[in-house]
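With PDB, C-alpha atoms inside, this is final-v4.pdb:
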```
MODEL        1
ATOM      1  CA  MET A 418      91.218  83.919 110.879
ATOM      2  CA  GLU A 419      90.381  82.528 114.267
ATOM      3  CA  LEU A 420      90.477  85.291 116.880
ATOM      4  CA  VAL A 421      92.256  83.220 119.525
ATOM      5  CA  ASP A 422      94.936  82.318 117.002
ATOM      6  CA  LEU A 423      95.504  85.990 116.179
ATOM      7  CA  ILE A 424      95.667  86.875 119.872
ATOM      8  CA  GLY A 425      98.196  84.071 120.340
ATOM      9  CA  LYS A 426     100.410  85.479 117.618
ATOM     10  CA  ALA A 427     100.131  88.991 118.965
ATOM     11  CA  LEU A 428     101.134  87.651 122.408
ATOM     12  CA  SER A 429     104.181  85.941 120.896
ATOM     13  CA  VAL A 430     105.330  89.159 119.272
ATOM     14  CA  ARG A 431     104.713  91.045 122.537
ATOM     15  CA  ALA A 432     106.751  88.427 124.444
ATOM     16  CA  PHE A 433     109.638  88.822 122.015
ATOM     17  CA  TYR A 434     109.404  92.606 122.255
ATOM     18  CA  HIS A 435     109.633  92.292 126.039
ATOM     19  CA  LYS A 436     112.896  90.369 125.628
ATOM     20  CA  LEU A 437     114.237  93.048 123.306
ATOM     21  CA  VAL A 438     113.412  95.920 125.672
ATOM     22  CA  SER A 439     114.864  93.957 128.617
ATOM     23  CA  ALA A 440     118.089  93.542 126.646
ATOM     24  CA  ASN A 441     118.145  97.269 125.906
ATOM     25  CA  ILE A 442     117.730  98.134 129.592
ATOM     26  CA  ALA A 443     120.366  95.576 130.601
ATOM     27  CA  ASN A 444     122.802  97.180 128.153
ATOM     28  CA  SER A 445     122.022 100.786 129.041
ATOM     29  CA  GLN A 446     125.634 101.269 130.217
ATOM     30  CA  THR A 447     127.392  99.122 127.593
ATOM     31  CA  PRO A 448     129.660 101.298 125.422
ATOM     32  CA  GLY A 449     128.715 101.215 121.745
ATOM     33  CA  TYR A 450     125.459  99.317 122.287
ATOM     34  CA  LYS A 451     122.642 100.421 119.956
ATOM     35  CA  SER A 452     119.052 100.398 121.161
ATOM     36  CA  LYS A 453     117.054  97.681 119.348
ATOM     37  CA  ASN A 454     113.459  97.900 118.203
ATOM     38  CA  ILE A 455     110.874  96.067 116.092
ATOM     39  CA  ASP A 456     107.870  97.357 114.173
ATOM     40  CA  PHE A 457     105.061  95.561 116.031
ATOM     41  CA  ARG A 458     102.438  96.286 113.380
ATOM     42  CA  ALA A 459     104.620  94.969 110.540
ATOM     43  CA  GLU A 460     105.618  91.847 112.496
ATOM     44  CA  LEU A 461     101.984  91.006 113.281
ATOM     45  CA  ASP A 462     100.832  91.760 109.717
ATOM     46  CA  ARG A 463     103.451  89.374 108.380
ATOM     47  CA  ARG A 464     102.257  86.593 110.670
ATOM     48  CA  ALA A 465      98.509  87.200 110.574
ATOM     49  CA  GLY A 466      98.078  85.483 107.203
ATOM     50  CA  SER A 467     100.356  82.518 107.815
ATOM     51  CA  ALA A 468      99.474  79.439 109.828
ATOM     52  CA  GLY A 469     101.678  77.975 112.524
ATOM     53  CA  ARG A 470     103.359  79.264 115.618
ATOM     54  CA  VAL A 471     105.655  82.234 115.935
ATOM     55  CA  SER A 472     109.173  81.320 116.939
ATOM     56  CA  GLN A 473     110.561  82.972 120.060
ATOM     57  CA  ASP A 474     114.264  82.850 119.178
ATOM     58  CA  GLY A 475     114.039  86.053 117.155
ATOM     59  CA  LYS A 476     115.347  84.576 113.886
ATOM     60  CA  ASP A 477     112.417  85.753 111.802
ATOM     61  CA  TYR A 478     112.100  89.193 113.353
ATOM     62  CA  LYS A 479     113.230  92.326 111.586
ATOM     63  CA  VAL A 480     115.170  94.028 114.362
ATOM     64  CA  THR A 481     116.287  97.590 113.716
ATOM     65  CA  GLU A 482     119.038  99.396 115.587
ATOM     66  CA  ASN A 483     118.929 103.030 116.569
ATOM     67  CA  GLU A 484     122.271 104.144 115.119
ATOM     68  CA  SER A 485     122.406 107.852 115.824
ATOM     69  CA  GLY A 486     120.262 108.353 118.925
ATOM     70  CA  GLU A 487     117.987 111.320 119.544
ATOM     71  CA  GLY A 488     118.792 114.657 121.066
ATOM     72  CA  LEU A 489     122.141 114.895 122.808
ATOM     73  CA  VAL A 490     124.510 112.119 121.738
ATOM     74  CA  ARG A 491     126.416 110.161 124.362
ATOM     75  CA  LEU A 492     130.192 109.924 124.064
ATOM     76  CA  ASP A 493     130.314 106.128 124.538
ATOM     77  CA  GLY A 494     128.173 105.580 121.432
ATOM     78  CA  ASN A 495     125.350 103.984 123.412
ATOM     79  CA  THR A 496     121.884 104.975 122.132
ATOM     80  CA  VAL A 497     119.744 103.494 124.942
ATOM     81  CA  GLU A 498     117.514 106.045 126.690
ATOM     82  CA  LEU A 499     116.250 104.633 129.949
ATOM     83  CA  GLU A 500     113.025 106.671 129.921
ATOM     84  CA  THR A 501     112.088 105.559 126.399
ATOM     85  CA  GLU A 502     112.769 101.930 127.260
ATOM     86  CA  THR A 503     110.769 102.103 130.484
ATOM     87  CA  VAL A 504     107.819 103.561 128.590
ATOM     88  CA  ARG A 505     108.119 100.828 125.964
ATOM     89  CA  LEU A 506     108.195  98.203 128.686
ATOM     90  CA  THR A 507     105.061  99.667 130.311
ATOM     91  CA  GLU A 508     103.257  99.934 126.984
ATOM     92  CA  ASN A 509     104.140  96.364 126.134
ATOM     93  CA  GLN A 510     103.080  95.109 129.540
ATOM     94  CA  LEU A 511      99.694  96.835 129.253
ATOM     95  CA  MET A 512      99.083  95.522 125.735
ATOM     96  CA  TYR A 513     100.085  92.016 126.832
ATOM     97  CA  GLN A 514      97.618  92.296 129.707
ATOM     98  CA  ALA A 515      94.899  93.497 127.316
ATOM     99  CA  LEU A 516      95.497  90.560 124.975
ATOM    100  CA  VAL A 517      95.449  88.035 127.813
ATOM    101  CA  GLN A 518      92.144  89.449 129.037
ATOM    102  CA  LEU A 519      90.693  89.312 125.526
ATOM    103  CA  ALA A 520      91.672  85.663 125.183
ATOM    104  CA  SER A 521      90.325  84.885 128.631
ATOM    105  CA  LYS A 522      87.003  86.583 127.761
ATOM    106  CA  ARG A 523      86.819  84.566 124.571
ATOM    107  CA  PHE A 524      87.377  81.327 126.470
ATOM    108  CA  SER A 525      84.770  82.164 129.079
ATOM    109  CA  MET A 526      82.262  82.794 126.265
ATOM    110  CA  MET A 527      83.064  79.343 124.846
ATOM    111  CA  LYS A 528      82.662  77.806 128.272
ATOM    112  CA  TYR A 529      79.291  79.500 128.623
ATOM    113  CA  LEU A 530      78.177  77.974 125.314
ATOM    114  CA  ILE A 531      79.433  74.502 126.257
ATOM    115  CA  GLY A 532      77.422  74.702 129.453
ATOM    116  CA  GLU A 533      74.330  75.538 127.384
ATOM    117  CA  GLY A 534      74.049  78.971 128.827
ATOM    118  CA  LYS A 535      74.123  77.801 132.433
ATOM    119  CA  ARG A 536      76.885  79.317 134.473
TER     120      ARG A 536
ATOM    121  CA  MET B1160      96.041 110.666 120.102
ATOM    122  CA  GLY B1161      96.494 107.236 121.581
ATOM    123  CA  VAL B1162      97.204 106.358 125.186
ATOM    124  CA  PHE B1163     100.754 105.480 124.184
ATOM    125  CA  ASP B1164     101.377 108.924 122.706
ATOM    126  CA  ILE B1165     100.836 110.286 126.239
ATOM    127  CA  PHE B1166     103.481 107.805 127.387
ATOM    128  CA  LYS B1167     105.911 109.131 124.806
ATOM    129  CA  ILE B1168     105.220 112.734 125.805
ATOM    130  CA  SER B1169     105.900 111.886 129.458
ATOM    131  CA  ALA B1170     109.097 110.074 128.491
ATOM    132  CA  SER B1171     110.246 113.090 126.473
ATOM    133  CA  GLY B1172     109.609 115.307 129.509
ATOM    134  CA  MET B1173     111.573 112.959 131.758
ATOM    135  CA  LYS B1174     114.488 112.863 129.328
ATOM    136  CA  ALA B1175     114.550 116.645 129.047
ATOM    137  CA  GLN B1176     114.541 117.102 132.834
ATOM    138  CA  ARG B1177     117.307 114.508 133.217
ATOM    139  CA  THR B1178     119.464 116.419 130.740
ATOM    140  CA  ARG B1179     118.742 119.605 132.709
ATOM    141  CA  MET B1180     119.871 117.758 135.848
ATOM    142  CA  ASP B1181     123.105 116.784 134.039
ATOM    143  CA  THR B1182     123.920 120.433 133.349
ATOM    144  CA  ILE B1183     123.092 121.404 136.953
ATOM    145  CA  ALA B1184     125.466 118.687 138.192
ATOM    146  CA  SER B1185     128.155 120.020 135.870
ATOM    147  CA  ASN B1186     127.565 123.612 137.018
ATOM    148  CA  LEU B1187     127.721 122.666 140.704
ATOM    149  CA  ALA B1188     130.848 120.557 140.242
ATOM    150  CA  ASN B1189     132.575 123.472 138.520
ATOM    151  CA  VAL B1190     131.451 126.248 140.830
ATOM    152  CA  GLN B1191     135.103 127.134 141.636
ATOM    153  CA  THR B1192     136.791 126.087 138.362
ATOM    154  CA  THR B1193     139.084 128.806 137.037
ATOM    155  CA  LYS B1194     140.762 126.835 134.237
ATOM    156  CA  THR B1195     139.113 125.327 131.133
ATOM    157  CA  ASP B1196     140.314 123.991 127.783
ATOM    158  CA  GLU B1197     138.945 127.107 126.062
ATOM    159  CA  GLY B1198     140.819 129.299 128.544
ATOM    160  CA  GLY B1199     139.276 131.409 131.295
ATOM    161  CA  PRO B1200     136.925 130.203 134.000
ATOM    162  CA  TYR B1201     134.055 127.732 133.574
ATOM    163  CA  ARG B1202     130.874 129.129 132.015
ATOM    164  CA  LYS B1203     127.456 128.173 133.395
ATOM    165  CA  LYS B1204     125.642 125.711 131.083
ATOM    166  CA  GLU B1205     121.939 126.087 130.378
ATOM    167  CA  VAL B1206     119.552 123.756 128.516
ATOM    168  CA  VAL B1207     117.152 125.097 125.902
ATOM    169  CA  PHE B1208     113.872 123.183 125.550
ATOM    170  CA  LYS B1209     111.903 122.912 122.326
ATOM    171  CA  THR B1210     108.560 121.281 121.534
ATOM    172  CA  VAL B1211     108.756 118.192 119.335
ATOM    173  CA  ASP B1212     106.187 115.904 117.704
ATOM    174  CA  VAL B1213     106.619 112.512 119.376
ATOM    175  CA  SER B1214     103.837 110.625 117.589
ATOM    176  CA  ASP B1215     104.813 107.744 115.289
ATOM    177  CA  ASP B1216     101.412 107.984 113.618
ATOM    178  CA  LYS B1217     101.915 110.068 110.493
ATOM    179  CA  GLY B1218      98.417 109.299 109.141
ATOM    180  CA  PHE B1219      95.040 110.891 109.813
ATOM    181  CA  ARG B1220      95.044 110.245 113.546
ATOM    182  CA  GLY B1221      98.557 111.604 113.759
ATOM    183  CA  ALA B1222      97.434 114.787 112.021
ATOM    184  CA  LEU B1223      94.605 115.154 114.551
ATOM    185  CA  SER B1224      97.011 115.036 117.474
ATOM    186  CA  LYS B1225      99.355 117.535 115.839
ATOM    187  CA  GLN B1226      98.699 120.170 118.465
ATOM    188  CA  VAL B1227      99.938 117.903 121.279
ATOM    189  CA  ASP B1228     103.713 117.957 121.526
ATOM    190  CA  GLY B1229     106.470 116.467 123.600
ATOM    191  CA  VAL B1230     109.659 118.255 124.504
ATOM    192  CA  HIS B1231     113.319 117.768 123.733
ATOM    193  CA  VAL B1232     116.550 119.534 124.548
ATOM    194  CA  ASP B1233     117.336 121.715 121.544
ATOM    195  CA  GLY B1234     120.816 122.429 122.795
ATOM    196  CA  VAL B1235     123.019 123.327 125.721
ATOM    197  CA  ARG B1236     124.216 126.897 125.625
ATOM    198  CA  GLU B1237     126.718 128.757 127.731
ATOM    199  CA  SER B1238     125.429 131.601 129.845
ATOM    200  CA  ASP B1239     126.902 135.040 129.095
ATOM    201  CA  LYS B1240     126.252 136.403 132.564
ATOM    202  CA  PRO B1241     129.286 138.284 133.950
ATOM    203  CA  PHE B1242     131.912 136.340 135.892
ATOM    204  CA  GLN B1243     132.446 136.882 139.608
ATOM    205  CA  GLN B1244     135.582 138.823 140.626
ATOM    206  CA  VAL B1245     137.034 137.843 143.988
ATOM    207  CA  TYR B1246     140.076 139.463 145.584
ATOM    208  CA  ASN B1247     142.547 136.679 146.328
ATOM    209  CA  PRO B1248     146.153 137.679 145.506
ATOM    210  CA  GLY B1249     147.637 134.303 146.462
ATOM    211  CA  HIS B1250     145.654 132.439 143.801
ATOM    212  CA  PRO B1251     147.672 131.260 140.757
ATOM    213  CA  ASP B1252     145.004 132.691 138.407
ATOM    214  CA  ALA B1253     144.887 136.106 140.070
ATOM    215  CA  ASP B1254     145.413 139.118 137.765
ATOM    216  CA  GLU B1255     147.956 141.877 138.441
ATOM    217  CA  LYS B1256     145.494 143.629 140.802
ATOM    218  CA  GLY B1257     145.017 140.413 142.787
ATOM    219  CA  TYR B1258     141.497 139.604 141.500
ATOM    220  CA  VAL B1259     140.524 136.058 140.499
ATOM    221  CA  THR B1260     137.744 135.547 137.912
ATOM    222  CA  TYR B1261     135.421 132.803 139.161
ATOM    223  CA  PRO B1262     132.677 131.083 137.102
ATOM    224  CA  ASN B1263     129.285 132.789 136.607
ATOM    225  CA  VAL B1264     127.610 129.977 138.548
ATOM    226  CA  ASN B1265     125.389 130.968 141.464
ATOM    227  CA  MET B1266     125.092 128.055 143.849
ATOM    228  CA  MET B1267     121.685 129.123 145.253
ATOM    229  CA  GLU B1268     120.303 129.403 141.726
ATOM    230  CA  GLU B1269     121.578 125.925 140.888
ATOM    231  CA  MET B1270     120.052 124.405 144.011
ATOM    232  CA  THR B1271     116.604 125.864 143.283
ATOM    233  CA  ASP B1272     116.946 124.781 139.649
ATOM    234  CA  MET B1273     117.784 121.294 140.840
ATOM    235  CA  THR B1274     114.658 121.122 143.005
ATOM    236  CA  ALA B1275     112.566 122.427 140.093
ATOM    237  CA  ALA B1276     114.023 119.798 137.753
ATOM    238  CA  ALA B1277     113.389 117.008 140.253
ATOM    239  CA  ARG B1278     109.770 118.127 140.752
ATOM    240  CA  ALA B1279     109.191 118.450 137.013
ATOM    241  CA  TYR B1280     110.571 114.942 136.513
ATOM    242  CA  GLU B1281     108.256 113.703 139.255
ATOM    243  CA  ALA B1282     105.284 115.423 137.595
ATOM    244  CA  ASN B1283     106.007 113.584 134.344
ATOM    245  CA  VAL B1284     106.261 110.270 136.175
ATOM    246  CA  ASN B1285     102.915 111.028 137.830
ATOM    247  CA  VAL B1286     101.239 111.709 134.491
ATOM    248  CA  LEU B1287     102.655 108.432 133.237
ATOM    249  CA  SER B1288     101.405 106.383 136.157
ATOM    250  CA  THR B1289      97.967 108.050 136.080
ATOM    251  CA  THR B1290      97.674 107.268 132.369
ATOM    252  CA  LYS B1291      98.654 103.693 133.116
ATOM    253  CA  ASP B1292      95.978 103.438 135.835
ATOM    254  CA  MET B1293      93.390 104.809 133.403
ATOM    255  CA  PHE B1294      94.326 102.186 130.846
ATOM    256  CA  ILE B1295      94.112  99.392 133.422
ATOM    257  CA  LYS B1296      90.665 100.642 134.467
ATOM    258  CA  THR B1297      89.569 100.429 130.817
ATOM    259  CA  LEU B1298      90.883  96.870 130.678
ATOM    260  CA  GLU B1299      88.655  95.954 133.599
ATOM    261  CA  LEU B1300      85.656  96.518 131.302
ATOM    262  CA  ILE B1301      86.345  93.271 129.467
ATOM    263  CA  LYS B1302      86.853  91.207 132.593
TER     264      LYS B1302
ENDMDL
END
```
Could the structure of this file be written out as structure tokens, please?
Amino acid sequence: MELVDLIGKALSVRAFYHKLVSANIANSQTPGYKSKNIDFRAELDRRAGSAGRVSQDGKDYKVTENESGEGLVRLDGNTVELETETVRLTENQLMYQALVQLASKRFSMMKYLIGEGKR
Amino acid sequence: MGVFDIFKISASGMKAQRTRMDTIASNLANVQTTKTDEGGPYRKKEVVFKTVDVSDDKGFRGALSKQVDGVHVDGVRESDKPFQQVYNPGHPDADEKGYVTYPNVNMMEEMTDMTAAARAYEANVNVLSTTKDMFIKTLELIK
């Protein structure tokens, strides 16, 4: 599989994950709201073999909800933990950045080849 | 032990300190409360911390990082320190000798606890942001 294609798919999943975490943070005070999550590895594995673009609307994602929450349970039934979500957001942002830099490196290598090794 | 396990450990520390702050807020709000649903004055609440494995990686790498744990609040327990007796015969909850039983909350203790919790939270945030800076520095290698 072409590396740039794989990076593209990984970026799509990361972008969707960003949406999901943003929604969780936005609903951190909504009674009864359950924190949503996806398994990044599984989502990417599922897409790595197939051709074509990854849709952004979330229809083909397997989104899981955190029903019970961890540690002390809140009375309003909300399972969003702001710290966990912030860490997820940071992790996702860093991985997105890493992927963008990988793609950019790949392109600059191609450019170098096109220019016959001249800068 | 991945970079993101450190993130999870820091998050667990922040969560635990926030819960501790919740109990301190409750203790301070109820420093003069003489009536509760269970009867008697308010009892000081204390959090109990416990180490917890935060890693999602249950494979080989996960086993390697077994000795590195996060923290979570195992429970909130009520302190069994003695209540304070204050002579105040006009109070509706005064006993026949005129003494009122006030909660076993010491305001000075709570204030120092609050500062400690805030600093501990800050320390966790610092670890998080340092880890993030380290990761970004690594990313600069492929620029």
task = Apply the PyMOL selection byres ((chain B) within 8 of (chain A)) to the displayed file and report the matching residues as an NGL selection string.
result = :B and (1163 or 1166-1167 or 1170-1171 or 1173-1174 or 1231-1234 or 1291 or 1294-1295 or 1298 or 1301-1302)
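The environment of Asn454 of chain A within 9 Å, counting only C-alpha atoms and disregarding residues fewer than 5 places along the same chain, consists of Tyr434, Leu437, Val438, Lys479, Val480, Thr481, Glu482 and Asn483 of chain A.
Atom CA of Lys1203 of chain B is found 5.3 Å from atom CA of Ser1238 of chain B.
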The PyMOL selection byres ((chain B and resi 1180) around 12) applied to the shown file, residues as an MDAnalysis selection string = chainID B and resid 1173:1179 1181:1187 1204:1206 1232 1235 1269:1280
Would you save the residues of that selection, restricted to C-alpha atoms, as a PDB file, in the frame of the given file?
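Written output follows (selection_0.pdb):
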```pdb
ATOM      1  CA  MET B1173     111.573 112.959 131.758  1.00  0.00           C
ATOM      2  CA  LYS B1174     114.488 112.863 129.328  1.00  0.00           C
ATOM      3  CA  ALA B1175     114.550 116.645 129.047  1.00  0.00           C
ATOM      4  CA  GLN B1176     114.541 117.102 132.834  1.00  0.00           C
ATOM      5  CA  ARG B1177     117.307 114.508 133.217  1.00  0.00           C
ATOM      6  CA  THR B1178     119.464 116.419 130.740  1.00  0.00           C
ATOM      7  CA  ARG B1179     118.742 119.605 132.709  1.00  0.00           C
ATOM      8  CA  ASP B1181     123.105 116.784 134.039  1.00  0.00           C
ATOM      9  CA  THR B1182     123.920 120.433 133.349  1.00  0.00           C
ATOM     10  CA  ILE B1183     123.092 121.404 136.953  1.00  0.00           C
ATOM     11  CA  ALA B1184     125.466 118.687 138.192  1.00  0.00           C
ATOM     12  CA  SER B1185     128.155 120.020 135.870  1.00  0.00           C
ATOM     13  CA  ASN B1186     127.565 123.612 137.018  1.00  0.00           C
ATOM     14  CA  LEU B1187     127.721 122.666 140.704  1.00  0.00           C
ATOM     15  CA  LYS B1204     125.642 125.711 131.083  1.00  0.00           C
ATOM     16  CA  GLU B1205     121.939 126.087 130.378  1.00  0.00           C
ATOM     17  CA  VAL B1206     119.552 123.756 128.516  1.00  0.00           C
ATOM     18  CA  VAL B1232     116.550 119.534 124.548  1.00  0.00           C
ATOM     19  CA  VAL B1235     123.019 123.327 125.721  1.00  0.00           C
ATOM     20  CA  GLU B1269     121.578 125.925 140.888  1.00  0.00           C
ATOM     21  CA  MET B1270     120.052 124.405 144.011  1.00  0.00           C
ATOM     22  CA  THR B1271     116.604 125.864 143.283  1.00  0.00           C
ATOM     23  CA  ASP B1272     116.946 124.781 139.649  1.00  0.00           C
ATOM     24  CA  MET B1273     117.784 121.294 140.840  1.00  0.00           C
ATOM     25  CA  THR B1274     114.658 121.122 143.005  1.00  0.00           C
ATOM     26  CA  ALA B1275     112.566 122.427 140.093  1.00  0.00           C
ATOM     27  CA  ALA B1276     114.023 119.798 137.753  1.00  0.00           C
ATOM     28  CA  ALA B1277     113.389 117.008 140.253  1.00  0.00           C
ATOM     29  CA  ARG B1278     109.770 118.127 140.752  1.00  0.00           C
ATOM     30  CA  ALA B1279     109.191 118.450 137.013  1.00  0.00           C
ATOM     31  CA  TYR B1280     110.571 114.942 136.513  1.00  0.00           C
TER      32      TYR B1280
END
```
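Put simply, atom CA of Ser1288 of chain B is 29.7 Å away from atom CA of Glu484 of chain A.
The nearest approach to Pro1200 of chain B among the residues B:Thr1297, B:Asn1247, B:Ser1169, B:Thr1260, with all atoms listed in the file taken into account, belongs to B:Thr1260.
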ask   = Between B:Ala1188, B:Val1227, B:Val1264, B:Val1207, which one has atoms that come closest to Ile1165 of chain B, using only C-alpha atoms?
value =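 Selected residue with least distance to Ile1165 of chain B: B:Val1227.
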ask   = Between A:Asp422, A:Ile455, A:Glu533, A:Leu492, which has the minimum distance to His435 of chain A (counting only C-alpha atoms)?
value =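 Of A:Asp422, A:Ile455, A:Glu533, A:Leu492, the one nearest His435 of chain A is A:Ile455, counting only C-alpha atoms.
Among A:Arg491, A:Met526, A:Lys426, A:Val497, the residue with the shortest atom-to-atom distance to Ala443 of chain A, counting all atoms listed in the file, is A:Val497.
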task = Grab the atom CA of Asp1239 of chain B to atom CA of Met1266 of chain B distance for me, in Å with one decimal place.
result =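 Pair atom CA of Asp1239 of chain B / atom CA of Met1266 of chain B returns 16.4 Å.
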inquiry  = Quick check on the file I pasted: which residues fall under the PyMOL selection byres ((chain B and resi 1191) around 7)? Write them as an MDAnalysis selection string.
reply    = chainID B and resid 1189:1190 1192:1193 1261:1262
query = Of the candidates B:Leu1287, B:Val1259, B:Val1230, B:Met1267, which one gets nearest to Ser1214 of chain B if we count all atoms listed in the file?
reply = B:Val1230
